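Here's upload.csv, which has CSV, C-alpha atoms and all ligand atoms:
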chain,number,residue,atom,x,y,z
L,1,MET,CA,128.1,105.0,130.8
L,2,LYS,CA,131.8,105.0,130.3
L,3,LYS,CA,132.4,104.9,134.0
L,4,LEU,CA,130.1,102.0,134.3
L,5,ILE,CA,132.0,100.0,131.7
L,6,VAL,CA,135.3,100.7,133.4
L,7,ALA,CA,133.8,99.6,136.7
L,8,CYS,CA,132.6,96.4,135.2
L,9,VAL,CA,136.0,95.6,133.7
L,10,PHE,CA,137.7,96.2,137.0
L,11,ALA,CA,135.1,94.0,138.8
L,12,VAL,CA,135.9,91.1,136.4
L,13,LEU,CA,139.7,91.5,136.3
L,14,PRO,CA,140.5,89.7,139.6
L,15,VAL,CA,138.5,86.7,138.4
L,16,LEU,CA,140.5,86.5,135.2
L,17,GLY,CA,143.7,86.7,137.3
L,18,MET,CA,142.6,83.8,139.5
L,19,ALA,CA,141.7,81.6,136.5
L,20,ALA,CA,145.2,82.1,135.1
L,21,GLY,CA,146.6,79.9,137.8
L,22,GLY,CA,150.1,81.3,138.0
L,23,GLY,CA,150.9,81.4,134.3
L,24,VAL,CA,150.8,77.7,133.6
L,25,HIS,CA,148.4,76.7,130.9
L,26,LEU,CA,145.3,75.0,132.4
L,27,GLU,CA,143.2,72.5,130.5
L,28,LYS,CA,139.4,73.1,130.6
L,29,ALA,CA,137.7,70.7,133.0
L,30,ASN,CA,134.3,70.8,131.2
L,31,ILE,CA,132.5,69.3,134.1
L,32,ASP,CA,128.7,68.8,134.2
L,33,LEU,CA,127.3,69.0,137.7
L,34,ARG,CA,123.9,67.8,136.6
L,35,ASP,CA,125.4,64.5,135.4
L,36,ASN,CA,124.8,62.2,138.4
L,37,ALA,CA,126.6,59.3,136.8
L,38,SER,CA,129.7,61.4,136.5
L,39,LEU,CA,129.4,62.6,140.2
L,40,GLN,CA,128.9,59.0,141.3
L,41,ARG,CA,132.0,57.8,139.5
L,42,GLY,CA,133.9,60.7,140.9
L,43,ALA,CA,132.7,59.8,144.4
L,44,LYS,CA,133.9,56.3,143.9
L,45,LEU,CA,137.3,57.4,142.8
L,46,PHE,CA,137.6,59.8,145.7
L,47,VAL,CA,136.7,57.1,148.2
L,48,ASN,CA,139.0,54.5,146.7
L,49,TYR,CA,142.0,56.6,145.9
L,50,CYS,CA,142.0,59.7,148.0
L,51,LEU,CA,140.2,59.2,151.3
L,52,SER,CA,143.1,57.2,152.8
L,53,CYS,CA,145.1,60.4,153.0
L,54,HIS,CA,142.6,63.3,152.5
L,55,SER,CA,139.5,64.0,154.4
L,56,ALA,CA,136.4,65.9,153.2
L,57,ALA,CA,135.4,66.9,156.7
L,58,TYR,CA,132.4,69.1,155.6
L,59,GLN,CA,130.8,66.3,153.6
L,60,ARG,CA,128.4,63.8,155.2
L,61,TYR,CA,128.0,60.4,153.5
L,62,ASN,CA,124.2,60.4,153.5
L,63,ARG,CA,123.8,63.9,152.3
L,64,MET,CA,126.3,63.2,149.5
L,65,GLY,CA,124.3,60.1,148.5
L,66,ARG,CA,121.0,62.0,148.3
L,67,ASP,CA,122.6,64.8,146.3
L,68,ILE,CA,124.2,62.6,143.6
L,69,GLY,CA,121.3,60.2,143.3
L,70,LEU,CA,122.3,57.2,145.5
L,71,SER,CA,120.2,55.5,148.1
L,72,ASP,CA,121.6,55.0,151.7
L,73,GLU,CA,122.1,51.3,150.9
L,74,GLN,CA,124.1,52.1,147.8
L,75,VAL,CA,126.3,54.6,149.6
L,76,LYS,CA,126.9,52.0,152.4
L,77,GLU,CA,127.7,49.3,150.0
L,78,HIS,CA,129.9,51.1,147.6
L,79,LEU,CA,131.4,54.2,149.2
L,80,MET,CA,131.8,53.5,152.9
L,81,LEU,CA,134.1,51.5,155.1
L,82,ALA,CA,132.1,49.2,157.4
L,83,SER,CA,133.1,51.1,160.5
L,84,ASP,CA,131.7,54.5,159.3
L,85,LYS,CA,128.2,55.6,159.9
L,86,LEU,CA,125.9,57.3,157.3
L,87,GLY,CA,125.6,60.5,159.2
L,88,GLU,CA,129.3,60.9,159.7
L,89,THR,CA,131.6,63.2,157.7
L,90,MET,CA,134.3,61.9,155.4
L,91,THR,CA,137.2,62.0,157.8
L,92,ILE,CA,140.3,59.8,158.0
L,93,ALA,CA,142.2,58.0,160.7
L,94,MET,CA,145.7,59.3,159.8
L,95,PRO,CA,147.0,61.7,162.5
L,96,THR,CA,148.2,65.0,161.1
L,97,ALA,CA,151.6,64.8,162.8
L,98,ASP,CA,152.4,61.4,161.2
L,99,ALA,CA,151.2,62.7,157.8
L,100,LYS,CA,153.6,65.6,158.0
L,101,LYS,CA,156.4,63.2,158.9
L,102,TRP,CA,155.7,60.9,156.0
L,103,PHE,CA,154.9,63.4,153.3
L,104,GLY,CA,156.6,66.6,154.3
L,105,ASN,CA,153.3,68.4,154.2
L,106,PRO,CA,150.1,66.9,155.6
L,107,PRO,CA,147.4,66.1,152.9
L,108,PRO,CA,145.0,69.0,153.1
L,109,ASP,CA,141.2,68.5,153.6
L,110,LEU,CA,139.6,68.5,150.2
L,111,SER,CA,136.1,69.8,151.1
L,112,VAL,CA,136.6,73.2,149.5
L,113,ILE,CA,139.7,72.5,147.3
L,114,ALA,CA,137.7,73.2,144.1
L,115,ARG,CA,136.9,76.7,145.3
L,116,ALA,CA,140.5,77.3,146.4
L,117,ARG,CA,142.1,76.1,143.2
L,118,GLY,CA,139.4,76.1,140.6
L,119,VAL,CA,138.2,73.2,138.6
L,120,ASP,CA,140.5,73.6,135.6
L,121,TRP,CA,143.5,73.6,137.9
L,122,LEU,CA,142.3,70.3,139.6
L,123,TYR,CA,141.7,68.7,136.2
L,124,THR,CA,145.1,69.7,134.9
L,125,TYR,CA,146.7,68.6,138.2
L,126,PHE,CA,145.4,65.1,137.8
L,127,LYS,CA,146.6,64.9,134.3
L,128,THR,CA,150.1,66.3,134.7
L,129,PHE,CA,152.0,64.0,137.0
L,130,TYR,CA,155.3,62.9,135.4
L,131,ILE,CA,158.3,60.8,136.3
L,132,ASP,CA,161.0,62.7,138.2
L,133,GLU,CA,163.5,60.4,140.0
L,134,SER,CA,164.8,63.3,142.1
L,135,ARG,CA,161.5,63.5,144.0
L,136,PRO,CA,160.7,61.3,147.1
L,137,PHE,CA,157.8,59.6,145.3
L,138,GLY,CA,159.5,59.5,141.9
L,139,VAL,CA,157.0,62.0,140.4
L,140,ASN,CA,156.5,65.7,139.9
L,141,ASN,CA,153.6,67.7,138.7
L,142,LYS,CA,153.3,70.5,136.2
L,143,VAL,CA,150.9,72.8,138.0
L,144,PHE,CA,152.1,71.9,141.5
L,145,PRO,CA,155.9,71.8,141.2
L,146,ASP,CA,157.7,69.6,143.8
L,147,VAL,CA,154.4,68.3,145.0
L,148,GLY,CA,154.5,66.0,148.1
L,149,MET,CA,151.8,63.6,146.9
L,150,PRO,CA,152.4,60.4,144.9
L,151,HIS,CA,150.7,59.9,141.6
L,152,VAL,CA,147.9,57.8,143.2
L,153,LEU,CA,146.0,57.3,139.9
L,154,TRP,CA,149.0,55.9,138.1
L,155,GLU,CA,147.5,52.4,137.8
L,156,LEU,CA,144.7,54.0,135.8
L,157,GLU,CA,146.6,56.6,133.8
L,158,GLY,CA,150.0,54.9,133.6
L,159,MET,CA,153.4,56.6,134.2
L,160,LYS,CA,154.6,59.2,131.7
L,161,LYS,CA,157.7,61.2,131.3
L,162,ALA,CA,157.8,64.9,130.4
L,163,VAL,CA,159.1,66.1,127.1
L,164,THR,CA,160.8,69.4,127.6
L,165,ARG,CA,162.3,72.3,125.8
L,166,THR,CA,164.9,74.7,127.1
L,167,ASP,CA,164.2,78.4,126.5
L,168,THR,CA,166.6,81.2,127.1
L,169,ASP,CA,165.0,84.5,128.2
L,170,ALA,CA,166.2,88.1,127.4
L,171,GLU,CA,168.6,88.0,130.4
L,172,GLY,CA,170.2,84.8,129.3
L,173,ASN,CA,168.5,82.6,132.0
L,174,GLU,CA,167.5,79.2,130.9
L,175,HIS,CA,164.0,77.8,131.6
L,176,THR,CA,162.9,74.3,131.1
L,177,VAL,CA,159.3,74.1,129.7
L,178,ILE,CA,157.2,71.0,129.5
L,179,THR,CA,155.8,70.7,126.0
L,180,GLY,CA,154.2,67.3,126.2
L,181,TYR,CA,154.3,63.8,127.7
L,182,GLU,CA,155.4,60.3,126.6
L,183,MET,CA,153.8,57.2,128.1
L,184,VAL,CA,156.4,55.0,129.6
L,185,LYS,CA,154.2,52.5,131.4
L,186,PRO,CA,150.6,52.4,130.3
L,187,GLY,CA,147.8,52.1,132.9
L,188,SER,CA,144.5,50.3,132.7
L,189,MET,CA,142.8,53.2,131.0
L,190,ASN,CA,143.4,54.8,127.6
L,191,GLU,CA,143.8,58.5,127.3
L,192,ALA,CA,140.1,59.3,126.8
L,193,GLU,CA,139.0,57.1,129.6
L,194,TYR,CA,141.5,58.7,132.0
L,195,ASP,CA,140.4,62.2,130.9
L,196,GLN,CA,136.9,61.2,131.8
L,197,ALA,CA,138.0,59.8,135.2
L,198,ALA,CA,139.9,63.1,135.9
L,199,ARG,CA,136.7,65.0,134.9
L,200,ASP,CA,134.5,62.9,137.2
L,201,LEU,CA,136.8,63.4,140.1
L,202,THR,CA,137.0,67.1,139.5
L,203,ALA,CA,133.2,67.2,139.2
L,204,PHE,CA,132.8,65.4,142.5
L,205,LEU,CA,135.2,67.8,144.2
L,206,ALA,CA,133.4,70.8,142.7
L,207,TYR,CA,130.1,69.4,144.1
L,208,THR,CA,131.7,68.8,147.5
L,209,GLY,CA,133.0,72.4,147.6
L,210,GLU,CA,129.5,73.8,147.3
L,211,PRO,CA,126.8,71.1,147.6
L,212,ILE,CA,124.1,73.7,147.4
L,213,GLN,CA,125.1,74.8,143.9
L,214,LEU,CA,123.2,71.8,142.4
L,215,LYS,CA,120.0,73.1,144.0
L,216,ARG,CA,120.8,76.8,143.3
L,217,GLN,CA,121.0,76.2,139.6
L,218,GLN,CA,117.6,74.5,139.7
L,219,ILE,CA,116.1,77.4,141.6
L,220,GLY,CA,117.6,79.8,139.1
L,221,VAL,CA,115.7,78.1,136.3
L,222,TYR,CA,112.5,78.4,138.2
L,223,VAL,CA,113.1,82.0,138.9
L,224,LEU,CA,113.7,82.7,135.2
L,225,ILE,CA,110.5,80.9,134.2
L,226,PHE,CA,108.6,82.9,136.8
L,227,LEU,CA,110.0,86.2,135.5
L,228,LEU,CA,109.1,85.3,131.9
L,229,PHE,CA,105.5,84.4,133.0
L,230,PHE,CA,105.3,87.6,135.1
L,231,PHE,CA,106.5,89.7,132.1
L,232,VAL,CA,103.7,88.4,130.0
L,233,VAL,CA,101.1,89.2,132.7
L,234,ALA,CA,102.6,92.6,133.3
L,235,TYR,CA,102.5,93.4,129.6
L,236,LEU,CA,98.9,92.3,129.2
L,237,LEU,CA,98.0,94.4,132.2
L,238,LYS,CA,99.8,97.4,130.8
L,239,LYS,CA,97.9,97.1,127.5
L,240,GLU,CA,94.6,96.8,129.4
L,241,TYR,CA,95.3,100.0,131.5
L,242,TRP,CA,96.4,102.1,128.6
L,243,LYS,CA,93.7,101.0,126.2
L,244,ASP,CA,91.4,103.8,127.1
L,245,VAL,CA,94.1,106.5,127.1
L,246,HIS,CA,95.4,105.9,123.5
J,1,LIG,C1,149.4,58.8,150.0
J,1,LIG,C2,148.6,59.9,150.4
J,1,LIG,C3,147.8,60.7,149.4
J,1,LIG,C4,146.8,60.2,148.6
J,1,LIG,C5,146.3,58.7,148.6
J,1,LIG,C6,146.3,61.3,147.9
J,1,LIG,N1,146.9,62.5,148.2
J,1,LIG,FE1,146.5,64.3,147.5
J,1,LIG,N2,148.0,65.1,148.7
J,1,LIG,C7,148.8,64.3,149.5
J,1,LIG,C8,149.8,65.2,150.2
J,1,LIG,C9,150.8,64.8,151.2
J,1,LIG,C10,149.5,66.5,149.6
J,1,LIG,C11,150.3,67.8,150.0
J,1,LIG,C12,151.3,68.0,149.0
J,1,LIG,C13,152.2,69.2,149.2
J,1,LIG,O1,151.7,70.2,149.9
J,1,LIG,O2,153.3,69.2,148.7
J,1,LIG,C14,148.5,66.4,148.7
J,1,LIG,C15,147.9,67.4,147.9
J,1,LIG,C16,146.8,67.3,147.1
J,1,LIG,C17,146.2,68.4,146.4
J,1,LIG,C18,146.7,69.9,146.4
J,1,LIG,C19,146.2,70.6,147.6
J,1,LIG,C20,146.7,72.0,147.5
J,1,LIG,O3,147.5,72.4,148.4
J,1,LIG,O4,146.2,72.8,146.7
J,1,LIG,C21,145.1,68.0,145.8
J,1,LIG,C22,144.2,68.7,144.9
J,1,LIG,C23,145.0,66.6,146.1
J,1,LIG,N3,146.1,66.2,146.9
J,1,LIG,C24,144.1,65.7,145.6
J,1,LIG,C25,144.0,64.4,145.8
J,1,LIG,C26,143.1,63.5,145.2
J,1,LIG,C27,141.9,63.9,144.4
J,1,LIG,C28,143.4,62.2,145.5
J,1,LIG,C29,142.7,60.9,145.1
J,1,LIG,C30,142.7,60.7,143.7
J,1,LIG,C31,144.6,62.3,146.4
J,1,LIG,N4,144.9,63.6,146.5
J,1,LIG,C32,145.2,61.2,147.0
J,1,LIG,C33,148.7,63.0,149.8
J,1,LIG,C34,147.9,62.1,149.2
Starting from the file, lay out its structure as C-alpha cells.
Ligand code: HEC
Amino acid sequence: MKKLIVACVFAVLPVLGMAAGGGVHLEKANIDLRDNASLQRGAKLFVNYCLSCHSAAYQRYNRMGRDIGLSDEQVKEHLMLASDKLGETMTIAMPTADAKKWFGNPPPDLSVIARARGVDWLYTYFKTFYIDESRPFGVNNKVFPDVGMPHVLWELEGMKKAVTRTDTDAEGNEHTVITGYEMVKPGSMNEAEYDQAARDLTAFLAYTGEPIQLKRQQIGVYVLIFLLFFFVVAYLLKKEYWKDVH
C-alpha cells in the first residue's frame, strides 16, 4: 500500500512542476469550456486581434463554428475574411521570414499553445503586459520577460505601469519584483470586463488546442451514468443469485 501511495505521488509531481510555470505566480483562468457564449467571444477576439500575426493551422473555420454553436453563415459573417473558405484552416498571409525580421521571433502558431503553456499561464500573460520604454514595442510582460509581441489588447485593457519592489537575497544580489500595476491610460473596458475578455480568449485557445475535449467530457458523463445503471442491475442480480444460498 505504501509503495502505491509513493508511486501515486511521483506520478503527480511532474504535473505540479509544470503548473508552477517557472516560479512566477499565475492567476487562475477559471475557464468553462461548456460556455458557448464565452468561446464565441474568445473566437471573435482571436480573429480580430491575433490572426493578423498568429495562425491556428490545425483549426478549420467550419469545424470551429459547429463546435462552439455557430452556423456556417454566422462564422462567415463574423469570423472570416471574405477571401477565406469555410473548410480552410486559420492561417495567415505573413511570411515567416518577414515576421522574424519585424519581431525578432516569428509569432508561433497558436493551435496547441494552451497545451504547451497551460491555461493559467495564458490568462496571466494577457493580464500582465506593462509599459517598458526599453523594449521595441514599449511593453514588457511578467510571465514572458522581454516578449517580442506588442500589447495588442491595450485598447481594451488600457496601458499600465508596473509597481515594483527591490529585494536583496542572501548573496546580496538585488531582484526587482513586480507587486502590482497602476493604470496609466485606461482602455475601453473596466477591470472585470477585461478579465472576462482574457478568460474568453484563454477558453477559445484551450478549445482550439484540443477540440475533442468538449465531446470527451460529454462522453464521460454518459459513461458514468451507464456505470451507475449497471451497478444497480449487477447488485439486483447478485441478490437474486444468492437468495437461495443464504
Ligand atoms: C503584431 C503581431 C502580433 C499580434 C497581433 C499578436 N501576437 Fe502574439 N506574438 C507575436 C510575436 C512576434 C510573438 C513571439 C514573441 C517572442 O518569442 O518573443 C508572440 C507570442 C505570443 C505568445 C507566446 C508564445 C510562446 O512562445 O509561448 C502567445 C501566447 C501569443 N503571442 C498570443 C497572442 C494572442 C492571443 C493574440 C491576440 C490577442 C496575439 N498573440 C496577437 C506577435 C503578435
Just the number, please: distance in Å from atom CA of Asn62 of chain L to atom CA of Leu86 of chain L, one decimal.
5.2 Å
Counting only C-alpha atoms and all ligand atoms, which residues of chain L sit at most 6 Å from some atom of ligand LIG 1 (chain J), and what is each one's closest atom pair with its distance in Å to one decimal, listed by chain and rising residue number, as CSV?
residue,atom,partner,partner_atom,distance
L:Phe46,CA,J:LIG1,C29,5.3
L:Tyr49,CA,J:LIG1,C29,4.4
L:Cys50,CA,J:LIG1,C29,3.2
L:Ser52,CA,J:LIG1,C5,5.5
L:Cys53,CA,J:LIG1,C2,4.4
L:Phe103,CA,J:LIG1,C9,4.8
L:Asn105,CA,J:LIG1,O1,4.9
L:Pro106,CA,J:LIG1,C9,4.9
L:Pro107,CA,J:LIG1,C8,3.7
L:Pro108,CA,J:LIG1,C19,5.9
L:Leu122,CA,J:LIG1,C22,5.9
L:Val147,CA,J:LIG1,O2,4.0
L:Gly148,CA,J:LIG1,O2,3.5
L:Met149,CA,J:LIG1,C7,4.0
L:Val152,CA,J:LIG1,C5,5.7
Write to file, as a PDB file, keeping the file's coordinate frame, the residues of the selection just made, with C-alpha atoms.
ATOM      1  CA  PHE L  46     137.600  59.800 145.700  1.00  0.00           C
ATOM      2  CA  TYR L  49     142.000  56.600 145.900  1.00  0.00           C
ATOM      3  CA  CYS L  50     142.000  59.700 148.000  1.00  0.00           C
ATOM      4  CA  SER L  52     143.100  57.200 152.800  1.00  0.00           C
ATOM      5  CA  CYS L  53     145.100  60.400 153.000  1.00  0.00           C
ATOM      6  CA  PHE L 103     154.900  63.400 153.300  1.00  0.00           C
ATOM      7  CA  ASN L 105     153.300  68.400 154.200  1.00  0.00           C
ATOM      8  CA  PRO L 106     150.100  66.900 155.600  1.00  0.00           C
ATOM      9  CA  PRO L 107     147.400  66.100 152.900  1.00  0.00           C
ATOM     10  CA  PRO L 108     145.000  69.000 153.100  1.00  0.00           C
ATOM     11  CA  LEU L 122     142.300  70.300 139.600  1.00  0.00           C
ATOM     12  CA  VAL L 147     154.400  68.300 145.000  1.00  0.00           C
ATOM     13  CA  GLY L 148     154.500  66.000 148.100  1.00  0.00           C
ATOM     14  CA  MET L 149     151.800  63.600 146.900  1.00  0.00           C
ATOM     15  CA  VAL L 152     147.900  57.800 143.200  1.00  0.00           C
TER      16      VAL L 152
END
Selection: 6 Å around segment 193-208 of chain L, all atoms listed in the file, excl. self and same-chain fewer than 3 positions, as a PDB file with C-alpha atoms, in the frame of the given file:
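Saved as part.pdb:
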ATOM      1  CA  ILE L  31     132.500  69.300 134.100  1.00  0.00           C
ATOM      2  CA  SER L  38     129.700  61.400 136.500  1.00  0.00           C
ATOM      3  CA  LEU L  39     129.400  62.600 140.200  1.00  0.00           C
ATOM      4  CA  GLY L  42     133.900  60.700 140.900  1.00  0.00           C
ATOM      5  CA  ALA L  43     132.700  59.800 144.400  1.00  0.00           C
ATOM      6  CA  SER L 111     136.100  69.800 151.100  1.00  0.00           C
ATOM      7  CA  ALA L 114     137.700  73.200 144.100  1.00  0.00           C
ATOM      8  CA  TYR L 123     141.700  68.700 136.200  1.00  0.00           C
ATOM      9  CA  GLU L 157     146.600  56.600 133.800  1.00  0.00           C
ATOM     10  CA  MET L 189     142.800  53.200 131.000  1.00  0.00           C
ATOM     11  CA  ASN L 190     143.400  54.800 127.600  1.00  0.00           C
ATOM     12  CA  PRO L 211     126.800  71.100 147.600  1.00  0.00           C
TER      13      PRO L 211
END
With distances taken over only C-alpha atoms, which of L:His175, L:His54, L:Met159, L:Lys239 is nearest to Ala99 of chain L?
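Selected residue with least distance to Ala99 of chain L: L:His54.
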Got a sec: who's within 9 Å of Glu88 of chain L, counting all atoms listed in the file, leaving out chain neighbours fewer than 4 positions off, as JSON, numbers by chain?
{"L": [59, 60, 61, 62, 84]}
In Å, with one decimal, what is the gap from atom CA of Arg117 of chain L to atom CA of Val75 of chain L?
27.4 Å
Looking at L:Gln40, L:Pro136, L:Ala97, L:Thr168, which one is nearest to Gln74 of chain L, with distances taken over all atoms listed in the file?
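Using all atoms listed in the file, Gln74 of chain L sits closest to L:Gln40.
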Atom pair atom CA of Ile113 of chain L / atom CA of Phe144 of chain L: separation (Å)
13.7 Å
With only C-alpha atoms as the counted atoms, please give the residues lying no more than 9 Å from Leu153 of chain L, apart from itself and same-chain residues fewer than 3 positions off, as a PyMOL selection string.
chain L and resi 49+126+150+156-158+187
Between L:Ser83, L:Ala93, L:Thr124, L:Glu73, which one has atoms that come closest to Leu26 of chain L, using all atoms listed in the file?
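Residue with the minimum atom-to-atom distance to Leu26 of chain L: L:Thr124.
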Which residue out of L:Lys85, L:His25, L:Lys215, L:Lys185 has the minimum interatomic distance to Val143 of chain L when all atoms listed in the file are used?
L:His25
Closest contacts (segment 34-153 of chain L/segment 162-166 of chain L, max 9 Å, only C-alpha atoms) as a tab-separated table:
residue	atom	partner	partner_atom	distance
L:Thr128	CA	L:Ala162	CA	8.9
L:Phe129	CA	L:Ala162	CA	8.8
L:Tyr130	CA	L:Ala162	CA	5.9
L:Ile131	CA	L:Ala162	CA	7.2
L:Asp132	CA	L:Ala162	CA	8.7
Compile the contact shell of segment 56-58 of chain L as a PDB file with C-alpha atoms, keeping the file's coordinate frame: residues with an atom at most 9 Å away, counting all atoms listed in the file, same-chain residues fewer than 3 positions apart removed.
ATOM      1  CA  LEU L  51     140.200  59.200 151.300  1.00  0.00           C
ATOM      2  CA  THR L  89     131.600  63.200 157.700  1.00  0.00           C
ATOM      3  CA  MET L  90     134.300  61.900 155.400  1.00  0.00           C
ATOM      4  CA  THR L  91     137.200  62.000 157.800  1.00  0.00           C
ATOM      5  CA  ILE L  92     140.300  59.800 158.000  1.00  0.00           C
ATOM      6  CA  ASP L 109     141.200  68.500 153.600  1.00  0.00           C
ATOM      7  CA  LEU L 110     139.600  68.500 150.200  1.00  0.00           C
ATOM      8  CA  SER L 111     136.100  69.800 151.100  1.00  0.00           C
ATOM      9  CA  VAL L 112     136.600  73.200 149.500  1.00  0.00           C
ATOM     10  CA  THR L 208     131.700  68.800 147.500  1.00  0.00           C
ATOM     11  CA  GLY L 209     133.000  72.400 147.600  1.00  0.00           C
TER      12      GLY L 209
END
